[in-house]
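Participant: One structure coming up, written as C-alpha cells, with questions to follow.
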Amino acid sequence: MQKILSYFANNRVIAGEIPKIWNVSDVSIFDFLIGRDPEEIFWDVRLPDDEKVSGPGEMRWAPGAFDGAFGHHGGSGGINAEGVFSALQRACKSLTGNNLRSLYDSLMKAHALENADSLISMIGETSSLNTDALFRIAVWLATQSPDREPVKFGIVLLGIFEVPSPPLDVLMTLGRHDEFSLYVAIALHRVLPGSQLDRVLYLLAKQVYGWGRVQIVERLAETSDPEIKNWMLREGYKNGVMTEYLAYTCAVAGGLVDALRQEAPDDALLKGAGDILTALISGGPAEDMSNYEDGPEATLLFVQHMQHRAASDLENFTSLHAIKSFVEDEAYDWGDVENFGWTPSLRQNISSIVAPIMEKPEWLVLINQGLAAADDSAFFVASTAAWHLRLDTWKHRFERQKANSDRSEWYYLMQTEDSGRISRTLDLARQQLNLDDLTAGPALENGLGPKFKEHGALEAVIQGLGQFPKMGEEFLRAGLQSPVIRSRNAVIRTLNSWGRENWSSGLIEALEASISKEPDEAVRERLGQLLSGNQVQ
C-alpha cells in the first residue's frame with residue numbers, strides 16, 4: 001500500500017471536498033463527540049443515531065456491547081464484504097454522489113465487526129485502487145458520517161494507511177466512546193510503532209469505562225510499562241460491564257503477586273487486589289481463579305497484609321468475605337487447582353487468618369455509617385456488607401425510598417415475611433407510583449430502559465405479593481394492563497401462588513377482560529390456564 005503524505009493540516013485531518021449524501025440537518029458523530037466536555041466519560045452517552053439503531057420497544061445495546069459480546073477483534077468472513085468492496089472500488093474511481101450513496105448504503109447494511117478483516121484483505125490484494133481517494137473516503141466516513149457503522153468502517157480504513165502523522169485526534173476522539181473503542185484500538189495497533197502503542201492505548205483506556213476499557217486493557221496484556229502495570233492493579237480492572245472481564249488480565253499483566261510481595265503495599269493496591277481476587281473467585285465470562293496460577297500466593301499475601309490494616313474500607317470486608325467463603329467451599333473442585341498450591345492446609349490457614357479480621361467491631365460501625373449515608377454507592381457497599389453478616393436493612397431501605405421516589409428499593413422492600421412491612425410498602429407504593437401512567441394497556445414492550453423504571457417498580461411489588469394473598473389487589477389489576485409483558489406474567493405467577501379461593505370477584509373480572517385484549521399468545525394461553533383452574537408453570 002503506497003504511503004499517503006497529505007490531508008493533514010495543523011494535526012487536524014480533513015476530508016477534502018466530498019459531498020454529503022445524507023440529510024444536511026444530521027449531525028456527524030465525530031462533531032457530536034468533539035463538541036462535548038473533554039473530561040467527560042462517554043460510556044453512557046447516547047449517539048445521535050440511537051433512534052435509528054434501536055426502535056421503540058427494541059432492546060438497546062449498551063455502547064460497544066454488541067461488538068464486545070460477539071468477539072474481541074475485527075471479525076472475519078463477513079457475508080457483505082464483497083458488496084462493500086465493489087461499492088468502494090466504484091467510489092474510488094469516481095467520487096460522485098451516486099457512487100458514494102451506493103457505498104454508504106452498503107455500509108449501512110453491513111456489520112463492521114463481521115466484515116472488517118475480509119474487506120482489508122481484499123483491499124490489500126488489489127493494486128488498482130486509487131489510494132488518494134480511498135484515504136479521503138476513510139476520513140469522510142470517520143469524521144462526517146452521522147451513522148455508527150459507516151464511522152466504524154472509516155476507522156478501519158484509516159488503520160490501513162502508513163502516514164508520518166497518524167490522525168490521532170480523530171481516532172482518540174472517536175475511541176473515547178465505547179461504541180468505537182475496539183475499532184480505534186485495532187487501527188492504532190496498525191498505525192503506531194510498538195514504542196508508542198502502549199502509551200496511547202493507556203491514555204485512551206483511562207478515558208473509557210464500559211466495553212471500550214475491556215477491549216483496550218486486553219490489548220495491554222503484554223505491556224512492560226511500570227506505570228501501566230501499576231494502574232492496572234489500582235484502576236484498570238474497573239469497568240462498567242463486569243470486573244470479571246478484566247480481573248485475570250490485570251492480575252497477570254499488572255504483576256499482582258509481585259506487587260503484594262512488597263513489605264508495605266499502599267491502600268489503593270490492597271483495595272485493587274481485593275477487588276481482583278473477588279472477581280476471580282466469582283468467575284464469569286473470562287479466566288478465573290482456576291486459571292490463575294499465582295492465585296494461592298496472591299490470596300495469602302492479601303489476607304496477611306489485611307491483618308495489619310485498620311478496618312477502614314467496607315469493600316475490603318466484602319473481599320475478605322468472598323475469600324473466606326471460597327476457601328471454605330467444600331463443593332469446589334479443588335483437585336483441578338491443587339497443583340497451583342490450593343492445598344487443604346493453605347485454605348485452612350487463609351480461613352484462620354480471615355476470621356478474626358472480619359470480627360473486628362469497627363466493621364459494624366462502618367456498616368451503620370454507610371446505611372445512614374445519602375450517597376447511593378456508600379449505601380450499596382454497606383448493605384452488601386450487612387447482607388454478609390445477615391443484618392436486617394429493611395428499615396434503612398424503606399426510609400431511603402420514602403425520602404426519594406426516584407430510588408428503586410422496591411424489590412428489597414418486598415423481600416420480607418412480615419405482613420406489616422408489606423402493608424407499609426404498599427402504602428408507600430400508592431404514594432409514589434402513579435398506576436394510571438402504568439396502565440396504557442397490554443402491549444409487547446420488553447420493559448428495558450429508563451422510561452420503564454416505574455414499570456419495573458410495579459413488577460417488583462407484584463412479584464413480592466406471591467406469599468401475601470388478598471393484599472395489594474390494585475397493583476395486580478394494574479399489572480394486567482401494563483404494556484410490559486414481564487409485568488403481566490408476574491401477575492399470573494402471583495395469582496397462581498394465591499390460589500383461586502383468594503381471588504376477589506374484581507380480580508376474576510379483570511382476568512376475564514384481559515384475555516381478549518392480550519396481544520402475546522403465550523401470555524394469553526397462561527391466562528386461560530389460570531382461569532380454568534390449571535396450575536400454571
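Ordering of the C-alpha cells sets the chain letters (A, B, ...), residue numbers begin anew at 1 in every chain, and ligands are numbered from 1 in the order given.
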So that I can see what lies close to Ser352 (chain A), please list as number ranges by chain the residues with an atom at most 12 Å from it, counting only C-alpha atoms and leaving out residues fewer than 3 positions away in the same chain.

Facilitator: A: 300, 303-304, 307, 320, 323-324, 327-328, 345-349, 355-359

Participant: May I have the residues from that selection written out with N, CA, C and O atoms, as a compact mmCIF listing (two decimals), in the first residue's frame?

Facilitator:
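Output (selection.txt):
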# COMPACT_ATOMS: atom_id res chain seq x y z
N LEU A 300 -3.09 -15.41 49.86
CA LEU A 300 -2.46 -15.47 51.18
C LEU A 300 -1.79 -14.14 51.52
O LEU A 300 -1.94 -13.62 52.64
N VAL A 303 -4.46 -11.43 52.48
CA VAL A 303 -5.07 -11.53 53.81
C VAL A 303 -4.03 -11.27 54.90
O VAL A 303 -4.37 -10.74 55.98
N GLN A 304 -2.78 -11.63 54.66
CA GLN A 304 -1.73 -11.33 55.64
C GLN A 304 -1.53 -9.82 55.78
O GLN A 304 -1.35 -9.32 56.90
N GLN A 307 -4.27 -8.29 57.87
CA GLN A 307 -4.15 -8.50 59.32
C GLN A 307 -3.64 -7.26 60.02
O GLN A 307 -3.96 -7.00 61.18
N LEU A 320 -12.79 -9.89 51.78
CA LEU A 320 -12.43 -10.89 52.79
C LEU A 320 -13.53 -11.95 52.93
O LEU A 320 -13.25 -13.15 53.06
N ILE A 323 -13.29 -14.31 49.99
CA ILE A 323 -12.15 -15.23 50.13
C ILE A 323 -12.46 -16.32 51.15
O ILE A 323 -12.20 -17.50 50.92
N LYS A 324 -13.03 -15.93 52.28
CA LYS A 324 -13.36 -16.91 53.32
C LYS A 324 -14.37 -17.93 52.80
O LYS A 324 -14.22 -19.15 53.02
N VAL A 327 -12.45 -20.36 50.24
CA VAL A 327 -11.54 -21.37 50.77
C VAL A 327 -12.27 -22.40 51.64
O VAL A 327 -11.76 -23.50 51.87
N GLU A 328 -13.48 -22.06 52.11
CA GLU A 328 -14.25 -22.99 52.93
C GLU A 328 -15.29 -23.76 52.11
O GLU A 328 -16.07 -24.54 52.66
N SER A 345 -4.25 -27.41 53.62
CA SER A 345 -3.59 -26.68 54.70
C SER A 345 -3.53 -25.18 54.41
O SER A 345 -3.72 -24.35 55.30
N LEU A 346 -3.30 -24.83 53.13
CA LEU A 346 -3.27 -23.40 52.78
C LEU A 346 -4.66 -22.80 52.96
O LEU A 346 -4.80 -21.70 53.51
N ARG A 347 -5.67 -23.50 52.51
CA ARG A 347 -7.03 -22.98 52.62
C ARG A 347 -7.42 -22.79 54.08
O ARG A 347 -8.05 -21.80 54.46
N GLN A 348 -7.04 -23.75 54.92
CA GLN A 348 -7.32 -23.63 56.35
C GLN A 348 -6.56 -22.46 56.95
O GLN A 348 -7.09 -21.70 57.78
N ASN A 349 -5.34 -22.26 56.51
CA ASN A 349 -4.52 -21.14 57.00
C ASN A 349 -5.17 -19.81 56.65
O ASN A 349 -5.29 -18.91 57.50
N ALA A 355 -10.91 -14.98 59.53
CA ALA A 355 -12.00 -14.98 60.52
C ALA A 355 -11.86 -13.88 61.57
O ALA A 355 -12.81 -13.10 61.78
N PRO A 356 -10.72 -13.74 62.25
CA PRO A 356 -10.62 -12.67 63.26
C PRO A 356 -10.61 -11.26 62.66
O PRO A 356 -11.04 -10.32 63.32
N ILE A 357 -10.14 -11.14 61.41
CA ILE A 357 -10.19 -9.82 60.77
C ILE A 357 -11.64 -9.38 60.60
O ILE A 357 -12.00 -8.23 60.87
N MET A 358 -12.49 -10.32 60.19
CA MET A 358 -13.90 -9.98 59.93
C MET A 358 -14.68 -9.74 61.21
O MET A 358 -15.78 -9.18 61.18
N GLU A 359 -14.13 -10.18 62.33
CA GLU A 359 -14.82 -9.99 63.61
C GLU A 359 -14.50 -8.66 64.28
O GLU A 359 -15.05 -8.36 65.35

Participant: Tell me which protein, DNA and RNA residues are within 6 Å of Thr439 (chain A), counting only C-alpha atoms, leaving out same-chain ones fewer than 2 positions away, and put them as a list in words.

Facilitator: Asp436, Asp437, Gly441, Ala478, Gln481 and Ser482 of chain A

Participant: Take the residues from that selection and put them in a file with all heavy atoms, as an mmCIF file, in the first residue's frame.

Facilitator:
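Result file is part-v4.cif:
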data_model
loop_
_atom_site.group_PDB
_atom_site.id
_atom_site.type_symbol
_atom_site.label_atom_id
_atom_site.label_comp_id
_atom_site.auth_asym_id
_atom_site.auth_seq_id
_atom_site.Cartn_x
_atom_site.Cartn_y
_atom_site.Cartn_z
ATOM 1 N N ASP A 436 -52.072 5.017 37.063
ATOM 2 C CA ASP A 436 -52.727 5.425 35.812
ATOM 3 C C ASP A 436 -51.718 5.553 34.676
ATOM 4 O O ASP A 436 -52.037 5.266 33.514
ATOM 5 C CB ASP A 436 -53.456 6.757 36.004
ATOM 6 C CG ASP A 436 -54.687 6.615 36.882
ATOM 7 O OD1 ASP A 436 -55.188 5.485 37.016
ATOM 8 O OD2 ASP A 436 -55.136 7.639 37.439
ATOM 9 N N ASP A 437 -50.492 5.977 35.012
ATOM 10 C CA ASP A 437 -49.452 6.128 33.989
ATOM 11 C C ASP A 437 -48.875 4.784 33.543
ATOM 12 O O ASP A 437 -48.191 4.708 32.516
ATOM 13 C CB ASP A 437 -48.295 6.993 34.523
ATOM 14 C CG ASP A 437 -48.701 8.452 34.696
ATOM 15 O OD1 ASP A 437 -49.733 8.850 34.121
ATOM 16 O OD2 ASP A 437 -47.983 9.176 35.408
ATOM 17 N N GLY A 441 -52.386 -0.242 28.730
ATOM 18 C CA GLY A 441 -52.978 -1.391 28.055
ATOM 19 C C GLY A 441 -51.908 -2.380 27.649
ATOM 20 O O GLY A 441 -50.757 -1.999 27.400
ATOM 21 N N ALA A 478 -53.510 -3.448 37.908
ATOM 22 C CA ALA A 478 -52.700 -2.537 37.092
ATOM 23 C C ALA A 478 -51.712 -3.326 36.239
ATOM 24 O O ALA A 478 -51.496 -3.016 35.058
ATOM 25 C CB ALA A 478 -51.956 -1.550 37.989
ATOM 26 N N GLN A 481 -52.857 -4.547 32.954
ATOM 27 C CA GLN A 481 -52.987 -3.509 31.923
ATOM 28 C C GLN A 481 -51.647 -2.862 31.575
ATOM 29 O O GLN A 481 -51.603 -1.858 30.863
ATOM 30 C CB GLN A 481 -53.964 -2.435 32.405
ATOM 31 C CG GLN A 481 -55.383 -2.928 32.579
ATOM 32 C CD GLN A 481 -55.923 -3.533 31.292
ATOM 33 O OE1 GLN A 481 -55.823 -2.923 30.228
ATOM 34 N NE2 GLN A 481 -56.452 -4.749 31.380
ATOM 35 N N SER A 482 -50.577 -3.456 32.060
ATOM 36 C CA SER A 482 -49.247 -2.920 31.749
ATOM 37 C C SER A 482 -48.849 -3.276 30.320
ATOM 38 O O SER A 482 -49.127 -4.389 29.855
ATOM 39 C CB SER A 482 -48.212 -3.491 32.722
ATOM 40 O OG SER A 482 -46.898 -3.173 32.293
#

Participant: For each of A:Val536, A:Ile120, A:Ala87, A:Leu141, take the minimum atom-to-atom distance to Gly159 (chain A), counting only C-alpha atoms, then give the residue where this is smallest.

Facilitator: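 Nearest to Gly159 (chain A): A:Ile120.
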
Participant: Could you check the closest approach to Trp43 (chain A) for each of A:Leu256, A:Val27, A:Ala65, A:Val484 and tell me which residue wins, using only C-alpha atoms?

Facilitator: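 Of A:Leu256, A:Val27, A:Ala65, A:Val484, the one nearest Trp43 (chain A) is A:Ala65, counting only C-alpha atoms.
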
Participant: For Ile276 (chain A), please output as a PyMOL selection string all residues within 9 Å (counting only C-alpha atoms; exclusion window: fewer than 2 positions along the same chain).

Facilitator: chain A and resi 233+237+243-244+246-248+250-251+271-274+278-281+319

Participant: Can you work out the spacing between CA of Leu157 (chain A) and CA of Ser28 (chain A) in Å, to one decimal?

Facilitator: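 Computed distance, CA of Leu157 (chain A) to CA of Ser28 (chain A), equals 17.7 Å.
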
Participant: Would you list the contacts of Met242 (chain A) as a list in words, taking every protein, DNA or RNA residue within 9 Å and counting only C-alpha atoms, but skipping same-chain residues closer than 4 positions in sequence?

Facilitator: Gly210, Val214, Lys238, Leu246, Ala279, Gly284 and Pro285 of chain A

Participant: Based on the selection just made, write C-alpha atoms of those residues as a PDB file, in the first residue's frame.

Facilitator:
ATOM      1  CA  GLY A 210     -17.503   0.321  29.510  1.00  0.00           C
ATOM      2  CA  VAL A 214     -12.420  -4.059  28.340  1.00  0.00           C
ATOM      3  CA  LYS A 238     -12.605  -1.428  36.909  1.00  0.00           C
ATOM      4  CA  LEU A 246     -10.503  -7.822  33.264  1.00  0.00           C
ATOM      5  CA  ALA A 279     -13.797 -11.198  40.743  1.00  0.00           C
ATOM      6  CA  GLY A 284     -17.726 -15.471  34.815  1.00  0.00           C
ATOM      7  CA  PRO A 285     -17.161 -14.821  31.151  1.00  0.00           C
TER       8      PRO A 285
END

Participant: Excluding Asn404 (chain A) and its own-chain neighbours fewer than 4 positions away, which residues fall within 12 Å of it when counting only C-alpha atoms? Please give them as a PDB file with all heavy atoms, in the first residue's frame.

Facilitator:
ATOM      1  N   ALA A 374     -26.426   9.237  52.554  1.00  0.00           N
ATOM      2  CA  ALA A 374     -27.298   9.598  51.432  1.00  0.00           C
ATOM      3  C   ALA A 374     -26.729   9.096  50.106  1.00  0.00           C
ATOM      4  O   ALA A 374     -27.470   8.860  49.154  1.00  0.00           O
ATOM      5  CB  ALA A 374     -27.477  11.116  51.377  1.00  0.00           C
ATOM      6  N   ASP A 376     -25.573   6.890  47.223  1.00  0.00           N
ATOM      7  CA  ASP A 376     -26.050   5.573  46.795  1.00  0.00           C
ATOM      8  C   ASP A 376     -24.950   4.527  46.799  1.00  0.00           C
ATOM      9  O   ASP A 376     -25.182   3.376  47.180  1.00  0.00           O
ATOM     10  CB  ASP A 376     -26.677   5.660  45.399  1.00  0.00           C
ATOM     11  CG  ASP A 376     -28.022   6.371  45.410  1.00  0.00           C
ATOM     12  OD1 ASP A 376     -28.634   6.476  46.485  1.00  0.00           O
ATOM     13  OD2 ASP A 376     -28.459   6.832  44.333  1.00  0.00           O
ATOM     14  N   ARG A 397     -33.733   0.753  54.015  1.00  0.00           N
ATOM     15  CA  ARG A 397     -34.200   0.831  52.628  1.00  0.00           C
ATOM     16  C   ARG A 397     -35.550   1.551  52.546  1.00  0.00           C
ATOM     17  O   ARG A 397     -35.789   2.330  51.607  1.00  0.00           O
ATOM     18  CB  ARG A 397     -34.302  -0.572  52.031  1.00  0.00           C
ATOM     19  CG  ARG A 397     -32.949  -1.249  51.844  1.00  0.00           C
ATOM     20  CD  ARG A 397     -33.093  -2.574  51.111  1.00  0.00           C
ATOM     21  NE  ARG A 397     -31.830  -3.274  50.982  1.00  0.00           N
ATOM     22  CZ  ARG A 397     -30.907  -3.019  50.059  1.00  0.00           C
ATOM     23  NH1 ARG A 397     -31.125  -2.065  49.169  1.00  0.00           N
ATOM     24  NH2 ARG A 397     -29.789  -3.717  49.997  1.00  0.00           N
ATOM     25  N   PHE A 398     -36.411   1.295  53.501  1.00  0.00           N
ATOM     26  CA  PHE A 398     -37.720   1.947  53.490  1.00  0.00           C
ATOM     27  C   PHE A 398     -37.558   3.456  53.624  1.00  0.00           C
ATOM     28  O   PHE A 398     -38.201   4.230  52.878  1.00  0.00           O
ATOM     29  CB  PHE A 398     -38.598   1.401  54.626  1.00  0.00           C
ATOM     30  CG  PHE A 398     -39.996   1.952  54.617  1.00  0.00           C
ATOM     31  CD1 PHE A 398     -40.972   1.385  53.825  1.00  0.00           C
ATOM     32  CD2 PHE A 398     -40.326   3.074  55.381  1.00  0.00           C
ATOM     33  CE1 PHE A 398     -42.267   1.906  53.791  1.00  0.00           C
ATOM     34  CE2 PHE A 398     -41.610   3.600  55.358  1.00  0.00           C
ATOM     35  CZ  PHE A 398     -42.577   3.018  54.558  1.00  0.00           C
ATOM     36  N   GLU A 399     -36.724   3.899  54.541  1.00  0.00           N
ATOM     37  CA  GLU A 399     -36.524   5.336  54.734  1.00  0.00           C
ATOM     38  C   GLU A 399     -35.889   5.971  53.514  1.00  0.00           C
ATOM     39  O   GLU A 399     -36.201   7.117  53.161  1.00  0.00           O
ATOM     40  CB  GLU A 399     -35.674   5.583  55.980  1.00  0.00           C
ATOM     41  CG  GLU A 399     -36.381   5.221  57.286  1.00  0.00           C
ATOM     42  CD  GLU A 399     -37.711   5.960  57.452  1.00  0.00           C
ATOM     43  OE1 GLU A 399     -37.789   7.152  57.086  1.00  0.00           O
ATOM     44  OE2 GLU A 399     -38.685   5.330  57.938  1.00  0.00           O
ATOM     45  N   ARG A 400     -34.993   5.261  52.848  1.00  0.00           N
ATOM     46  CA  ARG A 400     -34.371   5.796  51.631  1.00  0.00           C
ATOM     47  C   ARG A 400     -35.406   5.963  50.524  1.00  0.00           C
ATOM     48  O   ARG A 400     -35.444   6.976  49.828  1.00  0.00           O
ATOM     49  CB  ARG A 400     -33.246   4.871  51.160  1.00  0.00           C
ATOM     50  CG  ARG A 400     -31.993   4.949  52.015  1.00  0.00           C
ATOM     51  CD  ARG A 400     -30.959   3.947  51.548  1.00  0.00           C
ATOM     52  NE  ARG A 400     -30.451   4.262  50.217  1.00  0.00           N
ATOM     53  CZ  ARG A 400     -29.564   5.192  49.953  1.00  0.00           C
ATOM     54  NH1 ARG A 400     -29.064   5.936  50.918  1.00  0.00           N
ATOM     55  NH2 ARG A 400     -29.149   5.396  48.720  1.00  0.00           N
ATOM     56  N   SER A 408     -35.016   2.996  43.750  1.00  0.00           N
ATOM     57  CA  SER A 408     -35.685   1.737  43.382  1.00  0.00           C
ATOM     58  C   SER A 408     -35.361   0.651  44.401  1.00  0.00           C
ATOM     59  O   SER A 408     -34.617  -0.289  44.121  1.00  0.00           O
ATOM     60  CB  SER A 408     -35.246   1.298  41.980  1.00  0.00           C
ATOM     61  OG  SER A 408     -35.647   2.240  41.012  1.00  0.00           O
ATOM     62  N   GLU A 409     -35.920   0.798  45.583  1.00  0.00           N
ATOM     63  CA  GLU A 409     -35.703  -0.177  46.645  1.00  0.00           C
ATOM     64  C   GLU A 409     -36.836  -1.202  46.717  1.00  0.00           C
ATOM     65  O   GLU A 409     -36.869  -2.026  47.630  1.00  0.00           O
ATOM     66  CB  GLU A 409     -35.593   0.544  48.002  1.00  0.00           C
ATOM     67  CG  GLU A 409     -34.433   1.518  48.117  1.00  0.00           C
ATOM     68  CD  GLU A 409     -33.084   0.812  48.226  1.00  0.00           C
ATOM     69  OE1 GLU A 409     -33.068  -0.413  48.439  1.00  0.00           O
ATOM     70  OE2 GLU A 409     -32.055   1.489  48.094  1.00  0.00           O
ATOM     71  N   LEU A 428     -46.642   3.057  50.679  1.00  0.00           N
ATOM     72  CA  LEU A 428     -45.642   3.927  50.065  1.00  0.00           C
ATOM     73  C   LEU A 428     -45.724   3.857  48.545  1.00  0.00           C
ATOM     74  O   LEU A 428     -45.625   4.878  47.857  1.00  0.00           O
ATOM     75  CB  LEU A 428     -44.245   3.523  50.535  1.00  0.00           C
ATOM     76  CG  LEU A 428     -43.082   4.403  50.060  1.00  0.00           C
ATOM     77  CD1 LEU A 428     -43.263   5.842  50.528  1.00  0.00           C
ATOM     78  CD2 LEU A 428     -41.744   3.842  50.551  1.00  0.00           C
ATOM     79  N   GLN A 431     -48.368   5.983  47.165  1.00  0.00           N
ATOM     80  CA  GLN A 431     -47.994   7.397  47.155  1.00  0.00           C
ATOM     81  C   GLN A 431     -47.033   7.725  46.016  1.00  0.00           C
ATOM     82  O   GLN A 431     -47.105   8.795  45.402  1.00  0.00           O
ATOM     83  CB  GLN A 431     -47.326   7.770  48.480  1.00  0.00           C
ATOM     84  CG  GLN A 431     -48.215   7.640  49.709  1.00  0.00           C
ATOM     85  CD  GLN A 431     -47.419   7.812  50.989  1.00  0.00           C
ATOM     86  OE1 GLN A 431     -46.437   8.543  51.026  1.00  0.00           O
ATOM     87  NE2 GLN A 431     -47.854   7.138  52.056  1.00  0.00           N
ATOM     88  N   GLN A 432     -46.113   6.814  45.705  1.00  0.00           N
ATOM     89  CA  GLN A 432     -45.017   7.144  44.794  1.00  0.00           C
ATOM     90  C   GLN A 432     -45.209   6.642  43.366  1.00  0.00           C
ATOM     91  O   GLN A 432     -44.568   7.154  42.450  1.00  0.00           O
ATOM     92  CB  GLN A 432     -43.701   6.590  45.359  1.00  0.00           C
ATOM     93  CG  GLN A 432     -43.275   7.269  46.660  1.00  0.00           C
ATOM     94  CD  GLN A 432     -41.861   6.909  47.067  1.00  0.00           C
ATOM     95  OE1 GLN A 432     -41.254   5.986  46.544  1.00  0.00           O
ATOM     96  NE2 GLN A 432     -41.324   7.647  48.026  1.00  0.00           N
TER      97      GLN A 432
END

Participant: Mind checking which residues fall within 12 Å of Pro344 (chain A), counting only C-alpha atoms, ignoring those fewer than 4 positions away in the same chain, and posting them as a list in words?

Facilitator: Pro296, Val327, Glu328, Asp329, Glu330, Trp334, Gly335, Val337, Glu338, Asn339, Gln348, Asn349, Ile350 and Ser351 of chain A

Participant: Using only C-alpha atoms, which residue out of A:Ser181, A:Gly479, A:Thr223, A:Phe452 lies closest to Gly68 (chain A)?

Facilitator: A:Ser181

Participant: In terms of the shortest atom-to-atom distance over only C-alpha atoms, which of A:Val491, A:Leu192, A:Ala513, A:Leu182 is closest to Phe161 (chain A)?

Facilitator: A:Leu192

Participant: Just asking: which residues within region 255-471 of chain A are helix (DSSP H, G or I) according to DSSP, as number ranges by chain?

Facilitator: A: 256-260, 267-282, 295-307, 314-327, 334-336, 338-340, 344-358, 362-371, 376-388, 394-403, 410-413, 419-432, 435-438, 450-467

Participant: Between CA of Ile186 (chain A) and CA of Arg90 (chain A), measure the distance and give it in Å to one decimal.

Facilitator: 26.0 Å

Participant: Between A:Leu495, A:Ile160, A:Ala373, A:Ile155, which is the closest to Met172 (chain A) once you count only C-alpha atoms?

Facilitator: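 Once distances to Met172 (chain A) are computed over only C-alpha atoms, the minimum belongs to A:Ile155.
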
Participant: Compare A:Ala253, A:Ala322, A:Ile485, A:Leu527 by their minimum atom-to-atom distance to Ala443 (chain A), counting only C-alpha atoms, and give me the closest one.

Facilitator: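 So, comparing all the options, the nearest one is A:Ile485.
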